[in-house]
Amino acid sequence: MIQSYFRPATLEEALQLLAQPGTYPLGGGTILNQQKDADFSVVDLQALGLDKIHKVGEKLEIGATVTLQSLLDYTHTPEALKTALRLEAPLNLRNMGSVAGALVSCDGRSPFAAAMMALDAKCTVVSHQSSVISLGDLLPLREEQLRGKLITKIEIPLNVKLAYEQVARTPADRPIVCAALAQWASGRTRLVIGGWGGSPSLAMDGRDATGLEPAARNAAHDAADEWASAEYRREVAVVLAKRCLEQIQG
């Protein structure tokens, strides 16, 4: 349960507090509501001004505490990303949950994380200094890389085409298999496959879409769990990847 509550007025103060053991950032609060039995302290980020979205040229800068619903409602958010956001959580949780919180706490069944990885989202992480880390590099080591640190914003490109497809038990359920595909004007193509494990998997990041099908299949080579076999996921991943490519090229 929550032992101490802090609401710092500056980023520097927040970082000092987060350096203390057993202290976690509080954005929307949906994740901390599921916290473990041990006592812990929270640092409320509401006063830090991290709840804004800005379109800067051909990029979207998303503050860490922007809610999922605010991002969904934003005019310049790509339509495929809006689809992933709707599938990420129901309306009441989208109104509470923050963008950074959803990404940091995601698992492999997160439509939102899959779409953001396909877009090669960049996370600004601050401690005593600031660094920019690709979401795909951050997620596998998130606990270690974010200890005592804070994500302040996430940046995605807008001059790309994005498609998202999934297979689930019901149309509104989280995926058993999902595919997110982004393609730049240069031809650069990123494919992310998800639906199992600790985070979605980057299947390919190439100069074009050559090798899309084997990349999708290989990404699910060891994807067996209680929801589906690896063989099933390999075949479905190929189908979904092809659908995404058809959308983008259509």
# chains A, B, ... in the order shown; residues from 1 in each chain; ligands from 1
$ residues_around --residues "Leu240 of chain A" --least-positions-apart "2" --cutoff "9 Å" --atoms "only C-alpha atoms" --output "PyMOL selection string"
chain A and resi 164-167+177-180+216+235-238+242-245
$ residues_around --residues "segment 61-73 of chain A" --least-positions-apart "2" --cutoff "7 Å" --atoms "only C-alpha atoms" --output "list in words"
Gly27, Leu50, Asp51, Lys52, Ile53, His54, Lys55, Lys59, Thr75, Thr77, Lys82, Leu85, Arg94, Asn95, Met96, Gly97, Ser98, Val99, Ala100, Ile151, Thr152, Lys153, Ile154, Glu155 and Ile156 of chain A
$ closest_residue --among "A:Leu119, A:Leu139, A:Ala172, A:Ala219" --to "Glu88 of chain A" --atoms "only C-alpha atoms"
A:Ala172
$ closest_residue --among "A:Leu138, A:Leu212, A:Val160, A:Met1" --to "Lys122 of chain A" --atoms "only C-alpha atoms"
A:Leu138
$ atom_distance --atom1 "atom CA of Ala118 of chain A" --atom2 "atom CA of Ala168 of chain A"
19.7 Å
$ decode --residues "segment 43-55 of chain A" --atoms "N, CA and C atoms" --output "compact mmCIF listing (two decimals), in the first residue's frame"
# COMPACT_ATOMS: atom_id res chain seq x y z
N VAL A 43 5.35 9.50 -6.29
CA VAL A 43 5.68 10.87 -6.65
C VAL A 43 4.69 11.31 -7.71
N ASP A 44 3.75 12.16 -7.34
CA ASP A 44 2.72 12.65 -8.25
C ASP A 44 3.34 13.63 -9.25
N LEU A 45 3.15 13.37 -10.54
CA LEU A 45 3.78 14.17 -11.59
C LEU A 45 2.88 15.27 -12.14
N GLN A 46 1.71 15.48 -11.54
CA GLN A 46 0.73 16.38 -12.12
C GLN A 46 1.21 17.82 -12.27
N ALA A 47 2.07 18.28 -11.38
CA ALA A 47 2.48 19.69 -11.39
C ALA A 47 3.67 19.97 -12.30
N LEU A 48 4.13 18.97 -13.05
CA LEU A 48 5.36 19.14 -13.82
C LEU A 48 5.13 19.55 -15.27
N GLY A 49 3.89 19.71 -15.67
CA GLY A 49 3.61 20.16 -17.03
C GLY A 49 3.94 19.14 -18.11
N LEU A 50 3.81 17.85 -17.79
CA LEU A 50 4.14 16.79 -18.75
C LEU A 50 2.90 16.24 -19.44
N ASP A 51 1.81 17.01 -19.43
CA ASP A 51 0.53 16.54 -19.96
C ASP A 51 0.13 17.25 -21.25
N LYS A 52 1.12 17.63 -22.06
CA LYS A 52 0.83 18.37 -23.30
C LYS A 52 1.25 17.55 -24.52
N ILE A 53 0.56 17.80 -25.63
CA ILE A 53 0.92 17.21 -26.92
C ILE A 53 1.22 18.36 -27.88
N HIS A 54 2.34 18.25 -28.59
CA HIS A 54 2.72 19.29 -29.54
C HIS A 54 3.07 18.66 -30.88
N LYS A 55 2.55 19.23 -31.95
CA LYS A 55 3.00 18.86 -33.29
C LYS A 55 4.13 19.81 -33.66
